[in-house]
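Visitor: One file: structure-v4.txt (compact mmCIF, C-alpha atoms and all ligand atoms).
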```txt
# COMPACT_ATOMS: atom_id res chain seq x y z
CA MET P 1 17.83 -126.66 63.42
CA GLN P 2 14.62 -128.35 62.41
CA SER P 3 14.57 -132.15 62.37
CA ILE P 4 14.12 -133.95 59.07
CA TYR P 5 11.77 -136.37 60.87
CA ASN P 6 9.31 -133.49 61.33
CA LEU P 7 8.52 -133.46 57.62
CA THR P 8 5.72 -135.36 55.95
CA ARG P 9 6.55 -136.38 52.39
CA ASN P 10 4.46 -133.47 51.10
CA LYS P 11 6.37 -130.98 53.21
CA LEU P 12 9.65 -132.51 52.13
CA GLN P 13 8.52 -132.22 48.53
CA GLU P 14 7.88 -128.50 48.97
CA TYR P 15 11.36 -128.09 50.34
CA ILE P 16 12.92 -130.07 47.51
CA LEU P 17 11.11 -127.90 44.95
CA SER P 18 12.28 -124.81 46.80
CA ILE P 19 15.90 -125.81 46.22
CA ASN P 20 15.15 -126.35 42.53
CA GLU P 21 15.25 -130.11 42.56
CA LYS P 22 12.80 -132.69 41.26
CA LYS P 23 9.89 -133.93 43.32
CA TYR P 24 10.87 -137.61 43.23
CA ARG P 25 13.92 -136.78 45.35
CA SER P 26 11.66 -136.62 48.40
CA GLU P 27 10.77 -140.28 47.84
CA GLN P 28 14.43 -141.17 47.73
CA ILE P 29 15.06 -139.30 50.96
CA PHE P 30 12.12 -141.02 52.64
CA ASP P 31 13.50 -144.34 51.49
CA TRP P 32 16.86 -143.62 53.10
CA LEU P 33 15.31 -142.36 56.32
CA TYR P 34 12.56 -144.90 56.86
CA LYS P 35 13.39 -148.01 54.85
CA LYS P 36 17.19 -148.05 54.94
CA ARG P 37 17.28 -146.04 58.16
CA VAL P 38 20.55 -144.22 57.51
CA ARG P 39 21.60 -141.55 59.98
CA SER P 40 23.54 -139.17 57.75
CA PHE P 41 22.60 -137.21 54.63
CA ASN P 42 26.07 -137.97 53.29
CA ASP P 43 25.16 -141.68 53.13
CA MET P 44 22.25 -141.00 50.76
CA SER P 45 24.30 -142.07 47.78
CA ASN P 46 21.76 -141.55 45.01
CA LEU P 47 21.31 -137.83 45.81
CA ASN P 48 23.35 -135.12 44.14
CA ILE P 49 25.71 -132.81 45.98
CA ASN P 50 23.34 -129.84 45.80
CA ILE P 51 20.64 -131.73 47.71
CA ILE P 52 23.03 -133.17 50.26
CA ASP P 53 24.60 -129.76 50.93
CA ASN P 54 21.22 -128.14 51.34
CA LEU P 55 19.95 -130.86 53.64
CA ASN P 56 23.06 -130.57 55.79
CA LYS P 57 22.58 -126.83 55.97
CA ASP P 58 18.85 -126.82 56.75
CA TYR P 59 18.02 -130.03 58.59
CA ALA P 60 19.29 -132.22 61.40
CA ILE P 61 18.94 -135.98 61.70
CA ASP P 62 18.27 -135.74 65.39
CA ASP P 63 18.04 -138.44 68.02
CA ILE P 64 16.49 -139.38 71.34
CA LYS P 65 18.45 -141.41 73.85
CA ILE P 66 17.39 -144.66 75.49
CA VAL P 67 18.26 -144.20 79.15
CA LYS P 68 16.50 -147.22 80.58
CA LYS P 69 14.90 -150.39 79.29
CA GLU P 70 12.82 -152.75 81.39
CA ILE P 71 11.74 -156.14 80.14
CA ALA P 72 8.80 -158.16 81.44
CA ASN P 73 7.32 -161.22 79.77
CA ASP P 74 4.70 -159.34 77.79
CA VAL P 75 6.14 -155.83 77.47
CA ILE P 76 9.32 -153.83 77.10
CA LYS P 77 9.31 -150.33 78.54
CA TYR P 78 11.70 -147.67 77.33
CA LEU P 79 12.61 -144.46 79.09
CA PHE P 80 13.93 -141.87 76.64
CA GLU P 81 15.83 -138.67 77.21
CA LEU P 82 15.07 -135.90 74.73
CA GLU P 83 17.55 -133.32 73.55
CA ASP P 84 16.44 -130.82 76.22
CA LYS P 85 16.86 -133.57 78.90
CA ASN P 86 13.12 -134.06 79.37
CA LYS P 87 12.09 -137.68 79.72
CA ILE P 88 9.25 -139.69 78.19
CA GLU P 89 8.27 -143.36 78.03
CA ALA P 90 7.11 -145.81 75.37
CA VAL P 91 6.02 -149.42 75.79
CA ILE P 92 6.06 -152.37 73.37
CA MET P 93 3.24 -154.85 73.94
CA PHE P 94 3.34 -158.32 72.41
CA HIS P 95 -0.03 -159.44 71.05
CA ASN P 96 -0.95 -162.51 69.05
CA TYR P 97 -1.79 -160.19 66.13
CA GLY P 98 1.47 -158.23 66.21
CA ASN P 99 3.60 -155.90 68.27
CA SER P 100 2.09 -152.69 69.37
CA LEU P 101 3.95 -149.60 70.57
CA CYS P 102 2.32 -147.25 73.04
CA ILE P 103 3.91 -143.84 72.50
CA SER P 104 3.91 -140.54 74.38
CA THR P 105 2.73 -137.31 72.75
CA GLN P 106 3.68 -134.68 75.36
CA VAL P 107 6.11 -134.08 78.21
CA GLY P 108 3.70 -134.23 81.15
CA CYS P 109 -0.03 -133.62 80.64
CA ASN P 110 -2.45 -130.81 81.53
CA MET P 111 -5.67 -132.79 81.57
CA GLY P 112 -5.47 -133.48 85.29
CA CYS P 113 -7.47 -136.73 85.42
CA VAL P 114 -7.40 -137.56 89.12
CA PHE P 115 -6.59 -141.25 88.74
CA CYS P 116 -3.68 -140.96 86.29
CA GLU P 117 0.02 -140.92 87.08
CA SER P 118 1.04 -139.24 83.83
CA GLY P 119 -0.82 -136.06 84.71
CA LYS P 120 0.94 -135.61 88.05
CA ARG P 121 3.43 -133.54 86.16
CA LYS P 122 1.97 -130.54 84.33
CA LYS P 123 2.66 -130.31 80.66
CA ASP P 124 6.08 -128.91 79.91
CA ARG P 125 5.67 -128.96 76.19
CA ASN P 126 4.32 -130.84 73.21
CA LEU P 127 6.47 -133.47 71.58
CA THR P 128 7.58 -132.60 68.09
CA THR P 129 6.59 -134.89 65.24
CA SER P 130 10.20 -136.02 65.14
CA GLU P 131 10.20 -137.05 68.81
CA MET P 132 7.18 -139.25 68.16
CA VAL P 133 8.65 -140.77 65.00
CA LEU P 134 11.91 -141.43 66.82
CA GLN P 135 10.17 -143.44 69.53
CA ILE P 136 9.33 -146.00 66.83
CA LEU P 137 12.69 -145.85 65.05
CA LYS P 138 14.68 -146.24 68.27
CA VAL P 139 12.59 -149.07 69.65
CA GLU P 140 12.76 -151.01 66.37
CA GLN P 141 16.48 -150.51 66.11
CA ASP P 142 17.17 -151.44 69.72
CA SER P 143 14.89 -154.47 69.95
CA ASN P 144 14.99 -155.72 66.38
CA ILE P 145 11.23 -156.03 66.67
CA ARG P 146 8.98 -154.78 63.89
CA ILE P 147 6.23 -152.57 65.27
CA SER P 148 2.94 -153.34 63.49
CA HIS P 149 0.54 -151.28 65.61
CA VAL P 150 0.80 -147.88 67.29
CA VAL P 151 -1.38 -146.56 70.09
CA LEU P 152 -1.18 -142.93 71.20
CA MET P 153 -1.84 -143.83 74.80
CA GLY P 154 1.39 -142.95 76.55
CA ILE P 155 2.05 -139.71 78.38
CA GLY P 156 0.07 -136.73 77.11
CA GLU P 157 -3.19 -135.83 75.42
CA PRO P 158 -2.76 -136.32 71.64
CA PHE P 159 -5.53 -133.84 70.82
CA ASP P 160 -3.70 -131.16 72.81
CA ASN P 161 -0.91 -131.59 70.23
CA PHE P 162 -3.10 -132.07 67.17
CA ASP P 163 -0.96 -130.80 64.28
CA ASN P 164 2.21 -132.63 65.27
CA VAL P 165 0.20 -135.79 65.89
CA MET P 166 -1.42 -135.58 62.43
CA ASP P 167 1.98 -135.19 60.74
CA PHE P 168 3.30 -138.09 62.80
CA ILE P 169 0.44 -140.32 61.68
CA ASN P 170 0.98 -139.24 58.09
CA ILE P 171 4.68 -140.20 58.21
CA ILE P 172 4.28 -143.55 59.93
CA ASN P 173 1.40 -144.50 57.66
CA ASP P 174 3.14 -143.40 54.43
CA GLN P 175 4.03 -146.31 52.16
CA LYS P 176 7.40 -144.72 51.58
CA GLY P 177 7.70 -144.05 55.31
CA ILE P 178 7.37 -146.47 58.22
CA GLU P 179 4.31 -148.00 56.58
CA ILE P 180 2.08 -148.87 59.50
CA GLY P 181 -1.49 -149.52 58.34
CA ILE P 182 -3.83 -146.67 59.22
CA ARG P 183 -6.25 -149.10 60.86
CA HIS P 184 -3.40 -150.23 63.05
CA ILE P 185 -3.07 -146.77 64.57
CA THR P 186 -5.22 -145.68 67.53
CA ILE P 187 -5.60 -142.20 68.97
CA SER P 188 -6.95 -142.00 72.50
CA THR P 189 -8.46 -138.80 73.87
CA CYS P 190 -9.99 -137.67 77.15
CA GLY P 191 -12.61 -135.87 75.05
CA ILE P 192 -11.47 -132.61 73.47
CA VAL P 193 -14.60 -132.16 71.39
CA PRO P 194 -13.43 -129.63 68.73
CA LYS P 195 -10.52 -131.90 67.90
CA ILE P 196 -12.81 -134.87 67.39
CA LYS P 197 -14.51 -132.69 64.78
CA ASP P 198 -11.16 -131.82 63.28
CA LEU P 199 -10.37 -135.51 63.05
CA ILE P 200 -13.58 -136.06 61.07
CA ASN P 201 -12.31 -133.46 58.58
CA GLU P 202 -8.93 -135.14 58.27
CA ASN P 203 -10.74 -137.96 56.54
CA ILE P 204 -8.42 -140.73 57.71
CA GLN P 205 -9.33 -144.23 58.81
CA VAL P 206 -7.43 -144.12 62.08
CA ASN P 207 -9.02 -145.72 65.18
CA LEU P 208 -10.46 -143.42 67.81
CA ALA P 209 -10.70 -144.30 71.49
CA ILE P 210 -12.50 -142.12 74.01
CA SER P 211 -11.48 -142.23 77.66
CA LEU P 212 -14.95 -142.08 79.18
CA HIS P 213 -14.59 -143.59 82.68
CA ALA P 214 -17.92 -142.32 83.98
CA PRO P 215 -21.51 -142.48 82.71
CA ASN P 216 -22.75 -139.09 83.95
CA ASN P 217 -21.59 -135.51 84.39
CA LYS P 218 -21.50 -135.51 88.15
CA LEU P 219 -19.04 -138.37 88.36
CA ARG P 220 -17.09 -137.44 85.26
CA ASN P 221 -16.61 -133.88 86.54
CA GLU P 222 -15.00 -135.34 89.65
CA LEU P 223 -12.66 -137.60 87.73
CA MET P 224 -11.82 -135.67 84.58
CA PRO P 225 -11.66 -131.85 84.62
CA ILE P 226 -12.05 -131.76 80.82
CA ASN P 227 -15.70 -132.72 81.38
CA LYS P 228 -16.36 -129.26 82.81
CA ILE P 229 -15.47 -127.79 79.43
CA TYR P 230 -16.95 -130.43 77.13
CA ASP P 231 -19.61 -132.29 79.04
CA ILE P 232 -20.71 -135.83 78.49
CA ASP P 233 -23.78 -134.98 76.38
CA LEU P 234 -21.73 -132.90 73.98
CA LEU P 235 -19.05 -135.58 73.91
CA ILE P 236 -21.48 -138.37 73.08
CA LYS P 237 -23.22 -136.23 70.47
CA THR P 238 -19.88 -135.54 68.81
CA VAL P 239 -18.87 -139.18 68.93
CA LYS P 240 -22.13 -140.04 67.17
CA GLU P 241 -21.30 -137.50 64.49
CA TYR P 242 -17.86 -139.04 64.16
CA VAL P 243 -19.30 -142.53 63.73
CA ASP P 244 -21.87 -141.33 61.20
CA GLU P 245 -19.43 -139.32 59.14
CA THR P 246 -16.54 -141.76 59.13
CA ASN P 247 -18.35 -145.07 59.31
CA ARG P 248 -15.79 -146.11 61.88
CA LYS P 249 -16.44 -147.89 65.11
CA VAL P 250 -15.24 -146.06 68.22
CA THR P 251 -13.90 -147.50 71.42
CA PHE P 252 -14.94 -146.24 74.82
CA GLU P 253 -12.39 -146.87 77.51
CA TYR P 254 -13.72 -147.31 81.01
CA ILE P 255 -11.42 -147.86 83.97
CA LEU P 256 -13.08 -149.71 86.77
CA ILE P 257 -12.22 -148.18 90.15
CA ASP P 258 -13.41 -149.73 93.39
CA ASN P 259 -16.52 -148.12 94.78
CA LEU P 260 -16.30 -145.11 92.54
CA ASN P 261 -17.60 -145.86 89.04
CA ASP P 262 -18.19 -149.62 89.18
CA SER P 263 -21.70 -150.01 90.57
CA ILE P 264 -24.61 -151.77 88.90
CA GLU P 265 -26.30 -148.38 88.43
CA ASN P 266 -23.19 -147.09 86.70
CA ALA P 267 -23.23 -150.07 84.34
CA LEU P 268 -26.89 -149.53 83.52
CA GLU P 269 -26.35 -145.83 83.00
CA LEU P 270 -23.39 -146.49 80.74
CA SER P 271 -25.40 -148.98 78.67
CA LYS P 272 -28.13 -146.43 78.18
CA LEU P 273 -25.72 -143.63 77.33
CA ILE P 274 -24.05 -145.44 74.47
CA LYS P 275 -26.89 -147.61 73.25
CA GLY P 276 -27.11 -147.65 69.47
CA ILE P 277 -23.60 -146.27 68.89
CA ASN P 278 -21.36 -148.46 66.75
CA CYS P 279 -18.76 -149.03 69.45
CA TYR P 280 -16.79 -151.26 71.73
CA VAL P 281 -16.35 -150.74 75.41
CA ASN P 282 -12.91 -151.57 76.69
CA LEU P 283 -13.07 -152.19 80.41
CA ILE P 284 -9.74 -151.51 82.07
CA PRO P 285 -8.99 -152.87 85.51
CA TYR P 286 -7.56 -149.89 87.40
CA ASN P 287 -3.77 -149.98 87.68
CA GLU P 288 -2.62 -148.76 91.03
CA THR P 289 -0.37 -145.70 91.02
CA SER P 290 1.69 -143.81 93.59
CA ASP P 291 -1.63 -142.46 94.87
CA ASP P 292 -3.28 -145.15 97.01
CA LYS P 293 -6.64 -143.39 97.11
CA TYR P 294 -8.00 -145.51 94.26
CA LYS P 295 -8.24 -149.29 94.18
CA ARG P 296 -9.03 -151.84 91.55
CA SER P 297 -12.72 -152.73 91.27
CA LYS P 298 -13.97 -156.00 92.69
CA ASN P 299 -17.02 -155.79 90.50
CA ILE P 300 -15.50 -156.31 87.06
CA ASP P 301 -17.45 -159.42 86.05
CA LYS P 302 -20.80 -158.06 87.19
CA PHE P 303 -20.22 -154.76 85.43
CA MET P 304 -19.26 -156.53 82.24
CA ASN P 305 -22.28 -158.82 82.37
CA ILE P 306 -24.68 -155.92 82.64
CA LEU P 307 -23.21 -154.38 79.52
CA LYS P 308 -23.47 -157.71 77.72
CA GLN P 309 -27.09 -158.13 78.75
CA ASN P 310 -27.72 -154.72 77.22
CA LYS P 311 -26.12 -155.85 73.95
CA ILE P 312 -23.07 -153.63 74.27
CA ASN P 313 -19.87 -154.97 72.69
CA VAL P 314 -17.58 -155.18 75.64
CA ARG P 315 -14.12 -156.57 76.27
CA LEU P 316 -11.79 -156.60 79.18
CA ARG P 317 -8.47 -155.06 78.32
CA ARG P 318 -5.68 -157.55 78.64
CA GLU P 319 -3.29 -156.36 81.24
CA PHE P 320 0.25 -155.53 80.43
CA GLY P 321 3.28 -154.66 82.36
CA SER P 322 1.85 -153.48 85.66
CA ASN P 323 4.76 -155.15 87.49
CA ILE P 324 7.15 -152.71 85.85
CA SER P 325 4.73 -149.74 85.94
CA ALA P 326 4.31 -149.89 82.21
CA ALA P 327 0.53 -150.10 82.23
CA CYS P 328 -2.12 -147.50 81.34
CA GLY P 329 -1.94 -144.52 83.61
CA GLN P 330 1.39 -145.53 85.12
CA LEU P 331 3.74 -143.85 82.66
CA ARG P 332 5.63 -140.84 83.90
CA SER P 333 7.96 -138.17 82.68
CA THR P 334 10.49 -138.94 85.40
CA ASN P 335 12.54 -141.99 86.32
N1 LIG P 401 -4.81 -138.52 77.20
C1 LIG P 401 -5.28 -139.58 76.38
C2 LIG P 401 -4.21 -140.61 76.11
C3 LIG P 401 -3.75 -141.39 77.32
S1 LIG P 401 -4.36 -142.99 77.14
C4 LIG P 401 -6.53 -140.17 76.99
O1 LIG P 401 -6.92 -139.72 78.06
O2 LIG P 401 -7.16 -141.01 76.37
C5 LIG P 401 -4.15 -143.70 78.67
C6 LIG P 401 -5.39 -144.43 79.11
O3 LIG P 401 -5.14 -145.01 80.39
C7 LIG P 401 -6.55 -143.48 79.26
O4 LIG P 401 -7.74 -144.12 78.93
C8 LIG P 401 -6.48 -143.21 80.74
O5 LIG P 401 -7.67 -142.69 81.23
C9 LIG P 401 -6.14 -144.57 81.27
N2 LIG P 401 -5.61 -144.57 82.64
C10 LIG P 401 -5.10 -143.53 83.32
N3 LIG P 401 -4.74 -143.91 84.55
C11 LIG P 401 -5.02 -145.22 84.65
C12 LIG P 401 -4.83 -146.17 85.68
N4 LIG P 401 -4.28 -145.84 86.83
N5 LIG P 401 -5.23 -147.44 85.44
C13 LIG P 401 -5.76 -147.79 84.25
N6 LIG P 401 -5.93 -146.93 83.24
C14 LIG P 401 -5.57 -145.65 83.43
```
Represent the supplied structure as structure tokens.

Guide:
Amino acid sequence: MQSIYNLTRNKLQEYILSINEKKYRSEQIFDWLYKKRVRSFNDMSNLNINIIDNLNKDYAIDDIKIVKKEIANDVIKYLFELEDKNKIEAVIMFHNYGNSLCISTQVGCNMGCVFCESGKRKKDRNLTTSEMVLQILKVEQDSNIRISHVVLMGIGEPFDNFDNVMDFINIINDQKGIEIGIRHITISTCGIVPKIKDLINENIQVNLAISLHAPNNKLRNELMPINKIYDIDLLIKTVKEYVDETNRKVTFEYILIDNLNDSIENALELSKLIKGINCYVNLIPYNETSDDKYKRSKNIDKFMNILKQNKINVRLRREFGSNISAACGQLRSTN
């Protein structure tokens, strides 16, 4: 049976009309699901019997199970088991501006970036909208912490699961839903160009982050197989279009790996590549994974200074949770 958490309010409205009920009922149902957070249609006491019977017949209020929770001073990491026993992770990060949840979008990942733990397991399947929504609901319920920001930076490539991700964003942003401000939601992609274009057409003010990690095709081809399909010139061109069309700033993420992409030449090349684009660069110290081939750069300050000298907005990503393997690139679909 299909989960009720898969439905945006518009889709729920269509269903409600199809059972010959009034549109406003979908608002009431959203209120029960996302404000009052009830877990049974029978508890939705302002609905009539016809609606409750139909909902019970057509939809499930499904669940995901917390199987492990690890707490460090700045993060809490959750391991979830899905109904088909697959596992995914989500991480709460405590910032001075709020609490941000890093959620997974797929079981495993097919992008094959050589430095990333999450991609060690091939994609099994996309997460449903409901499984993404439930990561927030479960974490809030378990921790009693209100999530104010969401980043789609856990396991998976969000743009390889575009439709479910768009419905998810719609539901969590909805005023009658979880009500997380659209500018508090960030999608991160390894660079699936056609989907960046699709995002332009969605006309939403969500934040976009691009995992760049290399300033030229030769290096990026080695690190990120996606670059062989959508190369760096096409990617940058499309990002420019995105910035022009949406008037939004983009973020480029750049992991610094020892002796691989962290040289002075790399920094100069990166500065040149993105010059003039309304953007931030987020430098990420490499988090070590089960693969000891790659090491953290020793050149972080120098690299950052070169970008600054070239008038690029650059920040060093604050590090979270590497002691419990909760940091970028360390999340896995196993325990
Ligand atoms: N697939 C999407 C979403 C994942 S976001 C994307 O590629 O953007 C996770 C971020 O962490 C990405 O920028 C990814 O490249 C980065 N990352 C992967 N492995 C890492 C590691 N070992 N250390 C630091 N960052 C890493």

Visitor: Between CA of Asn164 (chain P) and CA of Glu131 (chain P), what is the spacing in Å?

Guide: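 So the two atoms, CA of Glu131 (chain P) and CA of Asn164 (chain P), lie 9.8 Å apart.
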
Visitor: With the cut-off set at 6 Å and counting all atoms listed in the file, tabulate each residue of chain P with an atom at most that distance from an atom of ligand LIG 401 (chain P), showing the nearest atom pair and its distance in Å to one decimal, ordered by chain and increasing number, as CSV.

Guide:
```
residue,atom,partner,partner_atom,distance
P:Phe115,CA,P:LIG401,N3,5.3
P:Cys116,CA,P:LIG401,N3,3.6
P:Met153,CA,P:LIG401,S1,3.5
P:Gly154,CA,P:LIG401,C3,5.4
P:Gly156,CA,P:LIG401,N1,5.2
P:Glu157,CA,P:LIG401,N1,3.6
P:Ser188,CA,P:LIG401,O2,4.0
P:Thr189,CA,P:LIG401,O2,3.6
P:Cys190,CA,P:LIG401,O1,3.8
P:Ile210,CA,P:LIG401,O2,5.9
P:Ser211,CA,P:LIG401,O4,4.4
P:Glu253,CA,P:LIG401,O4,5.6
P:Ile255,CA,P:LIG401,N6,5.6
P:Ile284,CA,P:LIG401,C13,5.9
P:Tyr286,CA,P:LIG401,N5,3.9
P:Asn287,CA,P:LIG401,N5,3.7
P:Glu288,CA,P:LIG401,N4,5.4
P:Thr289,CA,P:LIG401,N4,5.7
P:Cys328,CA,P:LIG401,O3,4.0
P:Gly329,CA,P:LIG401,N3,3.0
P:Gln330,CA,P:LIG401,N4,5.9
```

Visitor: If I take CA of Lys295 (chain P) and CA of Val150 (chain P), how far is one from the other in Å, to one decimal?

Guide: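 Going from CA of Lys295 (chain P) over to CA of Val150 (chain P) covers 28.4 Å.
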
Visitor: Find the residues near Asn46 (chain P): any atom within 12 Å, counting only C-alpha atoms, skip ones fewer than 2 places away on the same chain, and give them as number ranges by chain.

Guide: P: 24-29, 31-32, 41-44, 48-52

Visitor: I'd like the interatomic distance between CA of Phe303 (chain P) and CA of Leu256 (chain P), to a tenth of an Å.

Guide: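 Atom-to-atom, CA of Phe303 (chain P) and CA of Leu256 (chain P) are spaced 8.8 Å apart.
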
Visitor: Quick one: of P:Cys109, P:Ile155, P:Val91, P:Ile204, who's nearest to Asn173 (chain P), counting only C-alpha atoms?

Guide: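 For Asn173 (chain P), the nearest of the candidates is P:Ile204.
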
Visitor: Quick one: residues within 10 Å of region 121-125 of chain P, only C-alpha atoms, excluding same-chain residues fewer than 5 positions away - as a list in words?

Guide: Asn86, Thr105, Gln106, Val107, Gly108, Cys109, Asn110, Met111, Gly112, Ile155, Gly156, Glu157, Asn161, Arg332, Ser333 and Thr334 of chain P

Visitor: Contacts of region 304-307 of chain P at 12 Å or less, counting all atoms listed in the file, minus same-chain residues fewer than 6 places along, as JSON, numbers by chain?

Guide: {"P": [254, 255, 256, 262, 263, 264, 265, 266, 267, 268, 269, 270, 271, 272, 273, 274, 275, 280, 281, 282, 283, 284, 285, 297, 298, 313, 314, 315, 316, 317]}
